[in-house]
Amino acid sequence: MASSGFSWTLPDHPKLPKGKPVAVVVLDGWGEANADQYNCIHVAQTPVMDSLKNGAPEKWRLVKAHGTAVGLPSDDDMGNSEVGHNALGAGRIFAQGAKLVDKALASGKIYEGDGFNYIKESFENGTLHLIGLLSDGGVHSRLDQLQLLLKGASERGAKRIRVHILTDGRDVLDGSSVGFVETLENDLSQLREKGIDAQIASGGGRMYVTMDRYENDWGVVKRGWDAQVLGEAPYKFKSALEAVKTLRAEPKANDQYLPPFVIVDDSGKAVGPVNDGDAVVTINFRADRMVMLAKALEYADFDKFDRVRVPKIRYAGMLQYDGELMLPSHYLVSPPEIERTSGEYLVKNGIRTFACSETVKFGHVTFFWNGNRSGYFDETKEEYVEVPSDSGITFNVAPKMKALEIAEKARDALLSGKFDQVRVNLPNGDMVGHTGDIEATVVACKAADEAVKIILDAVEQVGGIYLVTADHGNAEDMVKRNKAGKPLLDKSGGIQILTSHTLQPVPVAIGGPGLHPGVKFRTDIETPGLANVAATVMNLHGFEAPADYETTLIEVADN
Ligand SMILES: O=C(O)[C@H](O)COP(=O)(O)O
Ligand SMILES: [Mn+2]
Ligand SMILES: [Mn+2]
């Protein structure tokens with residue numbers, strides 16, 4: 001912040017001491033919901049989380065983790081890791097990518113910016129390729145935004161358009177890919193009626209093609225590159241609808257894991273490889289699962305896989321995905337400017353920080369927590385540790401994931417005396433919840449609870465403080481419900497499994513021997529959300545939060 005008189009120095013909290021180690025535990029995908037058989041947290045044995053809830057009513061509460069409370073367009077939007085960790089770390093609510101893209105499309109400003117003008121240069125002689133997640137999940141992308149962009153780009157001179165789809169089934173129901181492809185095909189045929197050569201060119205399931213994250217498995221991105229850029233894939237079809245329907249019929253195939261395919265013409269030639277002179281837009285607004293492809297598309301020096309052919313293209317992201325790396329350098333909509341995060345303040349006020357998760361959530365407690373910024377603020381005071389995730393598996397086959405290892409790293413960091421804040425993300429409830437496997441999700445929740453125990457025991461040993469929370473719901477509700485809350489059945493009478501996040505609130509629990517005995521949750525904040533946690537954590541470290549942060553959740557009684 002450039003305004004005069006600005007200082008990074010945080011005022012001392014009038015009542016709370018400094019010097020107590022604080023453990024901040026984020027249970028990914030751990031919401032609060034009615035107790036029934038589809039609530040895996042309820043079904044699982046979770047004695048530690050239960051004791052936090054039932055043991056100290058003034059030190060356990062719920063906060064909002066979805067919708068406008070985390071900067072999403074409406075309260076119908078479920079929470080997600082990006083917006084959840086942004087809010088937890090930044091202590092304020094920023095209009096998020098989904099909302100910023102909506103606004104830029106509605107006002108038409110998206111077409112006036114540098115990013116669009118840059119790709120537009122290719123419209124005369126080249127093809128416009130749009131690559132991204134095809135669903136209305138609103139977590140990484142949204143179908144209606146793609147539809148508007150298709151319309152807007154074609155009205156502004158794009159003559160040849162190729163869409164490279166990634167089917168979802170993770171932020172939306174499995175099987176919904178068919179309907180989304182039909183909708184898109186319909187839009188593209190309307191464009192064709194107007195003389196625009198517009199087609200779907202390739203596709204694949206998001207978890208198997210393109211949308212890996214935090215460099216867990218570059219093979220995923222390579223499969224996408226081969227189909228999208230080179231026009232090569234193991235499956236070839238005349239239409240995307242046929243592709244999705246046929247590939248879904250394979251045993252065990254689902255939307256998340258469809259194999260890569262390309263669409264071919266009558267002579268068997270791929271209809272949409274990327275060539276010199278083309279423009280490419282990655283239509284996802286969320287960063288984590290687009291950064292790897294962005295690197296492959298943008299970097300001249302790239303050694304993560306053999307790209308075989310590197311076309312000279314104009315590439316823009318829907319947003320800039322990494323502000324520190326300035327990646328990509330061209331983008332259609334400016335990302336939220338999340339500055340002065342709690343992590344940066346605390347490090348600048350001497351708080352030595354340790355952050356840890358396994359690969360699939362590592363960037364959540366670092367990159368997202370720090371306002372979509374990679375790297376350290378001060379490497380002399382911070383240590384970020386990544387426990388390697390399993391790769392190439394769906395997490396229902398190993399639902400304990402690396403919870404134990406993460407907890408042990410956190411324990412060791414606390415016991416070492418080298419850190420003032422030890423922050424972790426425990427991925428189990430979320431990553432296994434997304435598989436839709438209820439039994440495995442129960443095992444996952446138990447494992448996460450056991451990990452919390454290890455960390456809280458260490459907090460006990462060092463006389464510290466803990467704050468346990470979550471970024472959004474997932475494992476607490478595994479079934480699609482009607483408005484009355486009753487499970488919805490499919491045509492064959494089975495329940496419709498919910499693989500996505502939920503709209504549920506999440507718990508915040510505080511405690512530990514280092515917690516001042518007078519600390520309790522305030523009852524005067526009307527609808528607190530995840531953004532209230534940052535000020536709370538700053539207080540637990542003995543500081544007042546900056547004035548523009550969402551207010552703290554705690555007060556300190558004098559006795
Ligand atoms: O990317 C994913 O895995 C899902 O779309 C969202 O899950 P997350 O927000 O918990 O990462
Ligand atoms: Mn999450
Ligand atoms: Mn998730």
# chains A, B, ... in the order shown; residues from 1 in each chain; ligands from 1
>>> closest_atom_pairs(of="range 26-137 of chain A", to="range 185-199 of chain A", cutoff="10 Å", atoms="only C-alpha atoms", output="CSV")
residue,atom,partner,partner_atom,distance
A:Thr127,CA,A:Asp197,CA,9.3
A:Leu128,CA,A:Ala198,CA,9.3
A:His129,CA,A:Ala198,CA,9.8
>>> residues_near_ligand(ligand="ligand 3", cutoff="10 Å", atoms="only C-alpha atoms and all ligand atoms", output="ChimeraX atom specification")
/A:28-30,79-82,139,170-171,361,427-434,471-475,499-502
>>> residues_around(residues="Ser74 in chain A", least_positions_apart="4", cutoff="12 Å", atoms="only C-alpha atoms", output="PyMOL selection string")
chain A and resi 66-70+78-79+95-96+98-99+102+138+503
>>> select_by_dssp(residues="range 46-111 of chain A", states="strand (DSSP E)", output="list of chain:residue names")
A:Trp60, A:Arg61, A:Leu62, A:Val63
>>> closest_residue(among="A:His164, A:Arg411, A:Lys159, A:Lys446", to="Ile283 in chain A", atoms="only C-alpha atoms")
A:His164
>>> closest_residue(among="A:Ile93, A:Leu27, A:Ala243, A:Ala201", to="ligand 2", atoms="only C-alpha atoms and all ligand atoms")
A:Leu27
>>> atom_distance(atom1="CA of Lys381 in chain A", atom2="CA of Thr353 in chain A")
6.3 Å
>>> residues_around(residues="Ala398 in chain A", least_positions_apart="3", cutoff="10 Å", atoms="only C-alpha atoms", output="list of chain:residue names")
A:Asp390, A:Ile393, A:Thr394, A:Phe395, A:Met401, A:Lys402, A:Asn428, A:Val432, A:Ala440, A:Val443, A:Ala444
>>> residues_around(residues="Ile406 in chain A", least_positions_apart="6", cutoff="7 Å", atoms="only C-alpha atoms", output="JSON list (two decimals) with N, CA and C atoms, in the first residue's frame")
[["chain", "number", "residue", "atom", "x", "y", "z"],
["A", 356, "CYS", "N", 2.78, -26.41, 5.82],
["A", 356, "CYS", "CA", 2.97, -27.75, 5.26],
["A", 356, "CYS", "C", 1.65, -28.36, 4.79],
["A", 357, "SER", "N", 1.72, -29.03, 3.68],
["A", 357, "SER", "CA", 0.67, -29.96, 3.28],
["A", 357, "SER", "C", 1.31, -30.95, 2.32],
["A", 358, "GLU", "N", 0.50, -31.86, 1.81],
["A", 358, "GLU", "CA", 1.03, -32.72, 0.76],
["A", 358, "GLU", "C", 0.78, -32.03, -0.58],
["A", 387, "VAL", "N", 4.91, -32.46, 1.43],
["A", 387, "VAL", "CA", 5.01, -33.92, 1.51],
["A", 387, "VAL", "C", 4.51, -34.47, 0.16]]
>>> residues_around(residues="Pro47 in chain A", least_positions_apart="5", cutoff="12 Å", atoms="only C-alpha atoms", output="list in words")
Ile41, His42, Leu52, Lys53, Asn54, Gly55, Cys445, Lys446, Ala447, Ala448, Asp449, Glu450, Ala451, Val452 and Lys453 of chain A
>>> atom_distance(atom1="CA of Ala355 in chain A", atom2="CA of Tyr384 in chain A")
4.7 Å
>>> atom_distance(atom1="CA of Ser389 in chain A", atom2="CA of Phe362 in chain A")
9.5 Å
